[in-house]
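> Dropping in target_36.pdb, with PDB, C-alpha atoms.
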ATOM      1  CA  MET A  27     -20.781 -56.906  22.650  1.00  0.00           C
ATOM      2  CA  LYS A  28     -21.316 -53.898  20.378  1.00  0.00           C
ATOM      3  CA  ILE A  29     -24.993 -53.611  19.497  1.00  0.00           C
ATOM      4  CA  ALA A  30     -26.735 -51.131  17.221  1.00  0.00           C
ATOM      5  CA  ILE A  31     -30.324 -50.337  18.075  1.00  0.00           C
ATOM      6  CA  ALA A  32     -32.682 -48.429  15.820  1.00  0.00           C
ATOM      7  CA  ALA A  33     -36.402 -47.798  15.528  1.00  0.00           C
ATOM      8  CA  ASP A  34     -38.921 -45.925  13.498  1.00  0.00           C
ATOM      9  CA  HIS A  35     -41.455 -43.694  15.256  1.00  0.00           C
ATOM     10  CA  ALA A  36     -43.584 -46.691  16.317  1.00  0.00           C
ATOM     11  CA  GLY A  37     -40.629 -48.434  17.925  1.00  0.00           C
ATOM     12  CA  TYR A  38     -39.147 -45.377  19.597  1.00  0.00           C
ATOM     13  CA  PRO A  39     -40.577 -45.871  23.118  1.00  0.00           C
ATOM     14  CA  LEU A  40     -39.483 -49.519  23.312  1.00  0.00           C
ATOM     15  CA  LYS A  41     -36.054 -48.731  21.836  1.00  0.00           C
ATOM     16  CA  SER A  42     -35.184 -46.509  24.773  1.00  0.00           C
ATOM     17  CA  ILE A  43     -36.056 -49.248  27.275  1.00  0.00           C
ATOM     18  CA  LEU A  44     -34.076 -51.912  25.424  1.00  0.00           C
ATOM     19  CA  ALA A  45     -31.044 -49.650  24.978  1.00  0.00           C
ATOM     20  CA  ALA A  46     -30.978 -48.954  28.729  1.00  0.00           C
ATOM     21  CA  ASP A  47     -31.212 -52.685  29.515  1.00  0.00           C
ATOM     22  CA  LEU A  48     -28.396 -53.522  27.125  1.00  0.00           C
ATOM     23  CA  MET A  49     -26.128 -50.836  28.563  1.00  0.00           C
ATOM     24  CA  ALA A  50     -26.906 -51.992  32.102  1.00  0.00           C
ATOM     25  CA  SER A  51     -25.840 -55.495  31.031  1.00  0.00           C
ATOM     26  CA  GLY A  52     -22.452 -54.158  29.928  1.00  0.00           C
ATOM     27  CA  HIS A  53     -23.002 -53.959  26.187  1.00  0.00           C
ATOM     28  CA  GLU A  54     -21.759 -51.062  24.070  1.00  0.00           C
ATOM     29  CA  VAL A  55     -24.937 -49.675  22.529  1.00  0.00           C
ATOM     30  CA  HIS A  56     -24.987 -47.556  19.383  1.00  0.00           C
ATOM     31  CA  ASP A  57     -28.350 -45.775  19.277  1.00  0.00           C
ATOM     32  CA  LEU A  58     -28.999 -44.998  15.618  1.00  0.00           C
ATOM     33  CA  GLY A  59     -32.338 -43.278  16.147  1.00  0.00           C
ATOM     34  CA  THR A  60     -34.959 -42.235  15.848  1.00  0.00           C
ATOM     35  CA  HIS A  61     -34.583 -39.982  18.848  1.00  0.00           C
ATOM     36  CA  ALA A  62     -38.175 -38.773  19.226  1.00  0.00           C
ATOM     37  CA  PRO A  63     -41.669 -40.154  18.623  1.00  0.00           C
ATOM     38  CA  THR A  64     -42.346 -37.516  15.979  1.00  0.00           C
ATOM     39  CA  PRO A  65     -42.002 -36.912  13.117  1.00  0.00           C
ATOM     40  CA  SER A  66     -42.780 -40.156  11.337  1.00  0.00           C
ATOM     41  CA  VAL A  67     -39.680 -42.074  10.220  1.00  0.00           C
ATOM     42  CA  ASP A  68     -39.604 -44.559   7.338  1.00  0.00           C
ATOM     43  CA  TYR A  69     -38.556 -48.051   8.457  1.00  0.00           C
ATOM     44  CA  PRO A  70     -36.234 -48.698   5.456  1.00  0.00           C
ATOM     45  CA  ASP A  71     -34.106 -45.740   6.543  1.00  0.00           C
ATOM     46  CA  ILE A  72     -33.710 -47.134  10.060  1.00  0.00           C
ATOM     47  CA  ALA A  73     -33.020 -50.661   8.764  1.00  0.00           C
ATOM     48  CA  THR A  74     -30.332 -49.241   6.485  1.00  0.00           C
ATOM     49  CA  LEU A  75     -28.505 -47.523   9.340  1.00  0.00           C
ATOM     50  CA  ALA A  76     -28.516 -50.678  11.490  1.00  0.00           C
ATOM     51  CA  CYS A  77     -27.552 -53.077   8.702  1.00  0.00           C
ATOM     52  CA  GLU A  78     -24.720 -50.854   7.486  1.00  0.00           C
ATOM     53  CA  ALA A  79     -23.379 -50.763  11.039  1.00  0.00           C
ATOM     54  CA  VAL A  80     -23.329 -54.582  11.151  1.00  0.00           C
ATOM     55  CA  ARG A  81     -21.893 -54.951   7.645  1.00  0.00           C
ATOM     56  CA  SER A  82     -19.107 -52.448   8.353  1.00  0.00           C
ATOM     57  CA  GLY A  83     -18.060 -54.294  11.494  1.00  0.00           C
ATOM     58  CA  ASN A  84     -18.749 -51.257  13.678  1.00  0.00           C
ATOM     59  CA  VAL A  85     -21.136 -53.437  15.705  1.00  0.00           C
ATOM     60  CA  ASP A  86     -21.510 -57.169  16.221  1.00  0.00           C
ATOM     61  CA  ARG A  87     -25.305 -57.281  15.983  1.00  0.00           C
ATOM     62  CA  ALA A  88     -28.326 -55.029  15.681  1.00  0.00           C
ATOM     63  CA  ILE A  89     -31.850 -54.753  17.012  1.00  0.00           C
ATOM     64  CA  ILE A  90     -34.409 -52.959  14.843  1.00  0.00           C
ATOM     65  CA  LEU A  91     -37.961 -52.016  15.831  1.00  0.00           C
ATOM     66  CA  CYS A  92     -40.985 -50.873  13.892  1.00  0.00           C
ATOM     67  CA  GLY A  93     -44.718 -51.243  14.509  1.00  0.00           C
ATOM     68  CA  SER A  94     -45.122 -54.866  13.417  1.00  0.00           C
ATOM     69  CA  GLY A  95     -41.474 -55.797  12.874  1.00  0.00           C
ATOM     70  CA  VAL A  96     -42.298 -56.988   9.368  1.00  0.00           C
ATOM     71  CA  GLY A  97     -41.154 -53.890   7.493  1.00  0.00           C
ATOM     72  CA  VAL A  98     -37.729 -53.737   9.100  1.00  0.00           C
ATOM     73  CA  THR A  99     -37.267 -57.472   8.597  1.00  0.00           C
ATOM     74  CA  VAL A 100     -38.040 -57.239   4.892  1.00  0.00           C
ATOM     75  CA  ALA A 101     -35.721 -54.250   4.460  1.00  0.00           C
ATOM     76  CA  ALA A 102     -32.887 -55.736   6.535  1.00  0.00           C
ATOM     77  CA  ASN A 103     -32.808 -58.989   4.600  1.00  0.00           C
ATOM     78  CA  LYS A 104     -32.040 -57.102   1.381  1.00  0.00           C
ATOM     79  CA  PHE A 105     -28.501 -56.427   2.630  1.00  0.00           C
ATOM     80  CA  PRO A 106     -25.808 -58.998   1.804  1.00  0.00           C
ATOM     81  CA  GLY A 107     -24.466 -60.620   4.924  1.00  0.00           C
ATOM     82  CA  ILE A 108     -27.468 -59.719   7.031  1.00  0.00           C
ATOM     83  CA  ARG A 109     -29.489 -62.529   8.547  1.00  0.00           C
ATOM     84  CA  ALA A 110     -32.447 -60.760  10.139  1.00  0.00           C
ATOM     85  CA  GLY A 111     -35.188 -62.554  11.995  1.00  0.00           C
ATOM     86  CA  LEU A 112     -38.555 -61.346  13.213  1.00  0.00           C
ATOM     87  CA  CYS A 113     -38.850 -62.690  16.748  1.00  0.00           C
ATOM     88  CA  HIS A 114     -41.750 -62.316  19.113  1.00  0.00           C
ATOM     89  CA  ASP A 115     -40.696 -65.054  21.520  1.00  0.00           C
ATOM     90  CA  HIS A 116     -37.662 -65.976  23.601  1.00  0.00           C
ATOM     91  CA  TYR A 117     -36.989 -69.303  21.867  1.00  0.00           C
ATOM     92  CA  SER A 118     -36.792 -67.871  18.337  1.00  0.00           C
ATOM     93  CA  ALA A 119     -34.453 -65.110  19.485  1.00  0.00           C
ATOM     94  CA  HIS A 120     -31.776 -67.436  20.842  1.00  0.00           C
ATOM     95  CA  GLN A 121     -32.387 -70.281  18.378  1.00  0.00           C
ATOM     96  CA  GLY A 122     -32.059 -67.868  15.449  1.00  0.00           C
ATOM     97  CA  VAL A 123     -28.529 -67.058  16.584  1.00  0.00           C
ATOM     98  CA  GLU A 124     -27.575 -70.578  17.670  1.00  0.00           C
ATOM     99  CA  HIS A 125     -28.762 -72.343  14.510  1.00  0.00           C
ATOM    100  CA  ASP A 126     -28.910 -69.649  11.818  1.00  0.00           C
ATOM    101  CA  ASP A 127     -26.241 -67.158  12.911  1.00  0.00           C
ATOM    102  CA  MET A 128     -28.867 -64.394  12.964  1.00  0.00           C
ATOM    103  CA  ASN A 129     -27.140 -61.036  13.332  1.00  0.00           C
ATOM    104  CA  VAL A 130     -30.145 -58.701  13.317  1.00  0.00           C
ATOM    105  CA  LEU A 131     -33.150 -59.036  15.612  1.00  0.00           C
ATOM    106  CA  CYS A 132     -36.365 -57.427  14.423  1.00  0.00           C
ATOM    107  CA  MET A 133     -39.350 -56.856  16.688  1.00  0.00           C
ATOM    108  CA  GLY A 134     -42.764 -55.249  16.469  1.00  0.00           C
ATOM    109  CA  ALA A 135     -43.220 -52.647  19.165  1.00  0.00           C
ATOM    110  CA  ARG A 136     -46.989 -52.642  18.629  1.00  0.00           C
ATOM    111  CA  ILE A 137     -47.090 -56.433  18.910  1.00  0.00           C
ATOM    112  CA  LEU A 138     -44.977 -57.025  22.003  1.00  0.00           C
ATOM    113  CA  GLY A 139     -45.277 -55.872  25.551  1.00  0.00           C
ATOM    114  CA  GLN A 140     -42.297 -54.302  27.245  1.00  0.00           C
ATOM    115  CA  GLU A 141     -41.319 -57.328  29.356  1.00  0.00           C
ATOM    116  CA  PRO A 142     -41.412 -59.909  26.536  1.00  0.00           C
ATOM    117  CA  ALA A 143     -39.364 -57.544  24.351  1.00  0.00           C
ATOM    118  CA  ARG A 144     -36.758 -57.209  27.083  1.00  0.00           C
ATOM    119  CA  GLU A 145     -36.508 -60.998  27.441  1.00  0.00           C
ATOM    120  CA  ILE A 146     -36.250 -61.459  23.675  1.00  0.00           C
ATOM    121  CA  ALA A 147     -33.475 -58.871  23.355  1.00  0.00           C
ATOM    122  CA  ALA A 148     -31.552 -60.464  26.230  1.00  0.00           C
ATOM    123  CA  ALA A 149     -31.863 -63.916  24.653  1.00  0.00           C
ATOM    124  CA  PHE A 150     -30.615 -62.567  21.306  1.00  0.00           C
ATOM    125  CA  VAL A 151     -27.512 -60.871  22.670  1.00  0.00           C
ATOM    126  CA  SER A 152     -26.538 -63.752  24.955  1.00  0.00           C
ATOM    127  CA  ALA A 153     -26.812 -66.478  22.302  1.00  0.00           C
ATOM    128  CA  LEU A 154     -23.884 -67.775  20.244  1.00  0.00           C
ATOM    129  CA  PHE A 155     -23.829 -69.580  16.904  1.00  0.00           C
ATOM    130  CA  THR A 156     -23.158 -73.246  17.669  1.00  0.00           C
ATOM    131  CA  ALA A 157     -21.306 -73.915  14.388  1.00  0.00           C
ATOM    132  CA  GLU A 158     -22.454 -77.537  14.640  1.00  0.00           C
ATOM    133  CA  GLU A 159     -21.951 -79.336  11.340  1.00  0.00           C
ATOM    134  CA  ARG A 160     -25.638 -79.304  10.405  1.00  0.00           C
ATOM    135  CA  HIS A 161     -25.998 -75.606  11.189  1.00  0.00           C
ATOM    136  CA  ALA A 162     -22.779 -74.667   9.406  1.00  0.00           C
ATOM    137  CA  ARG A 163     -23.867 -76.698   6.367  1.00  0.00           C
ATOM    138  CA  ARG A 164     -27.219 -74.928   6.237  1.00  0.00           C
ATOM    139  CA  LEU A 165     -25.621 -71.511   6.668  1.00  0.00           C
ATOM    140  CA  GLU A 166     -23.275 -72.293   3.757  1.00  0.00           C
ATOM    141  CA  LYS A 167     -26.347 -73.034   1.629  1.00  0.00           C
ATOM    142  CA  VAL A 168     -27.946 -69.743   2.627  1.00  0.00           C
ATOM    143  CA  ASN A 169     -24.723 -67.922   1.763  1.00  0.00           C
ATOM    144  CA  ALA A 170     -24.632 -69.703  -1.608  1.00  0.00           C
ATOM    145  CA  ILE A 171     -28.160 -68.509  -2.382  1.00  0.00           C
ATOM    146  CA  GLU A 172     -27.172 -64.957  -1.500  1.00  0.00           C
ATOM    147  CA  ALA A 173     -24.028 -65.160  -3.648  1.00  0.00           C
ATOM    148  CA  LYS A 174     -25.982 -66.512  -6.618  1.00  0.00           C
ATOM    149  CA  TYR A 175     -28.394 -63.598  -6.633  1.00  0.00           C
ATOM    150  CA  THR A 176     -26.092 -60.788  -5.553  1.00  0.00           C
ATOM    151  CA  LYS A 177     -24.720 -58.775  -8.459  1.00  0.00           C
ATOM    152  CA  ARG A 178     -21.015 -58.177  -8.266  1.00  0.00           C
TER     153      ARG A 178
END
Step by step, read the file and then write its structure as structure tokens.

Amino acid sequence: MKIAIAADHAGYPLKSILAADLMASGHEVHDLGTHAPTPSVDYPDIATLACEAVRSGNVDRAIILCGSGVGVTVAANKFPGIRAGLCHDHYSAHQGVEHDDMNVLCMGARILGQEPAREIAAAFVSALFTAEERHARRLEKVNAIEAKYTKR
């Protein structure tokens, strides 16, 4: 799977660990930065890079990190076609993909320890959308909401 990974300054240390894990698991990782813990980087800029990579089809999914995970989640969900979820547990990471077709995982590097973050990222990339009737129906409703409020 092609996966973009991006982080602001707060997420930088964890991003490097997750990127290495993903590559070791055979994924093609696109590291979109930041590439150092300083200077400070604004989370909307990082979210934009990751979401544009998903929207363009250059990657299948993305993982975005900031201090709490909240900022990148808010920013990511402004992009049409992006279904970003803030996950701080294994269950939400795979269930978000299986039931909601989540394509962007957001995490808080100041909230999570290294090992839970690694497990969450692995659950996210290994999960598949089930496309069960109830999940597909709900996703269609989400897409209809997006279409209603997206200016064309």
> Pick from A:Leu40, A:Val151, A:Val130, A:Ile90: nearest to Met27 of chain A, with only C-alpha atoms counted?
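That would be A:Val151, the residue with the smallest distance to Met27 of chain A.
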> Find the residue from A:Ala149, A:Gly107, A:Tyr117, A:Tyr38 that sits nearest to Val168 of chain A; use only C-alpha atoms when measuring.
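Using only C-alpha atoms, the shortest distance to Val168 of chain A belongs to A:Gly107.
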> Would you kindly return, as an MDAnalysis selection string, each protein, DNA or RNA residue with an atom no farther than 10 Å from any atom of Asn129 of chain A, considering only C-alpha atoms and excluding same-chain residues fewer than 3 positions away?
chainID A and resid 29 77 80:81 85:89 107:111 122:123 126 132 150:151 155
> So which residues touch Gly93 of chain A within 7 Å, counting all atoms listed in the file, skipping near sequence neighbours fewer than 6 positions away, as an mmCIF file with C-alpha atoms, in the coordinates of the input?

data_model
loop_
_atom_site.group_PDB
_atom_site.id
_atom_site.type_symbol
_atom_site.label_atom_id
_atom_site.label_comp_id
_atom_site.auth_asym_id
_atom_site.auth_seq_id
_atom_site.Cartn_x
_atom_site.Cartn_y
_atom_site.Cartn_z
ATOM 1 C CA ALA A 36 -43.584 -46.691 16.317
ATOM 2 C CA GLY A 37 -40.629 -48.434 17.925
ATOM 3 C CA GLY A 134 -42.764 -55.249 16.469
ATOM 4 C CA ALA A 135 -43.220 -52.647 19.165
ATOM 5 C CA ARG A 136 -46.989 -52.642 18.629
#
> Suppose a student applies the PyMOL selection byres ((chain A and resi 170-175) around 12) to this structure; what residues should they get, written as a list in words?
Asn103, Lys104, Phe105, Pro106, Gly107, Ile108, Arg109, Arg163, Arg164, Leu165, Glu166, Lys167, Val168, Asn169, Thr176, Lys177 and Arg178 of chain A
> Residues at most 9 Å from Ile31 of chain A, counting all atoms listed in the file, excluding those fewer than 6 positions away in the same chain, as a PyMOL selection string?
chain A and resi 41+44-45+55-59+76+87-91
> When you count all atoms listed in the file, which of these residues is closest to Glu124 of chain A: A:Gln140, A:Thr99, A:Thr156, A:Ser82?
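Closest to Glu124 of chain A, using all atoms listed in the file: A:Thr156.
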> Closest to Ile146 of chain A among A:Asp47, A:Asp68, A:Glu158, A:Asp127, using all atoms listed in the file?
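Closest candidate: A:Asp47.
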> Using all atoms listed in the file, which of the listed residues (A:Ser42, A:Thr60, A:Thr74, A:Ser94) sits closest to Leu112 of chain A?
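Looking only at the distances to Leu112 of chain A, the closest residue turns out to be A:Ser94.
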> Measuring between only C-alpha atoms, which one of A:Met133, A:Ala50, A:His161, A:His114 shows the shortest distance to Ala32 of chain A?
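Among A:Met133, A:Ala50, A:His161, A:His114, it is A:Met133 that comes nearest to Ala32 of chain A.
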> Run the PyMOL selection byres ((chain A and resi 98) around 8) mentally over the shown coordinates, then write out the matched residues as a list in words, using the chain letters and numbers from the document.
Tyr69, Pro70, Ile72, Ala73, Ile90, Leu91, Cys92, Gly95, Val96, Gly97, Thr99, Val100, Ala101, Ala102 and Cys132 of chain A
> Create the file for the chosen residues now, containing C-alpha atoms and written as a PDB file, in the coordinates of the input.

ATOM      1  CA  TYR A  69     -38.556 -48.051   8.457  1.00  0.00           C
ATOM      2  CA  PRO A  70     -36.234 -48.698   5.456  1.00  0.00           C
ATOM      3  CA  ILE A  72     -33.710 -47.134  10.060  1.00  0.00           C
ATOM      4  CA  ALA A  73     -33.020 -50.661   8.764  1.00  0.00           C
ATOM      5  CA  ILE A  90     -34.409 -52.959  14.843  1.00  0.00           C
ATOM      6  CA  LEU A  91     -37.961 -52.016  15.831  1.00  0.00           C
ATOM      7  CA  CYS A  92     -40.985 -50.873  13.892  1.00  0.00           C
ATOM      8  CA  GLY A  95     -41.474 -55.797  12.874  1.00  0.00           C
ATOM      9  CA  VAL A  96     -42.298 -56.988   9.368  1.00  0.00           C
ATOM     10  CA  GLY A  97     -41.154 -53.890   7.493  1.00  0.00           C
ATOM     11  CA  THR A  99     -37.267 -57.472   8.597  1.00  0.00           C
ATOM     12  CA  VAL A 100     -38.040 -57.239   4.892  1.00  0.00           C
ATOM     13  CA  ALA A 101     -35.721 -54.250   4.460  1.00  0.00           C
ATOM     14  CA  ALA A 102     -32.887 -55.736   6.535  1.00  0.00           C
ATOM     15  CA  CYS A 132     -36.365 -57.427  14.423  1.00  0.00           C
TER      16      CYS A 132
END
> Between atom CA of Pro142 of chain A and atom CA of Ser118 of chain A, measure the distance and give it in Å to one decimal.
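Atom CA of Ser118 of chain A lies at a distance of 12.3 Å from atom CA of Pro142 of chain A.
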> Please indicate the distance in Å from atom CA of His35 of chain A to atom CA of Asp71 of chain A, rounded to one decimal place.
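Distance between the two atoms: 11.6 Å.
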> As an exercise, work out the distance from atom CA of Gln121 of chain A to atom CA of Ala157 of chain A in Å and give it to one decimal place.
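Going from atom CA of Gln121 of chain A over to atom CA of Ala157 of chain A, I get 12.3 Å.
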> Produce the centre coordinates and the three edge lengths, each in Å to one decimal, of the box along x, y and z that contains all listed atoms of segment 89-99 of chain A with 6 Å added on each side, as lines of an AutoDock Vina configuration file.

center_x = -38.5
center_y = -54.2
center_z = 12.3
size_x = 25.3
size_y = 18.6
size_z = 21.5
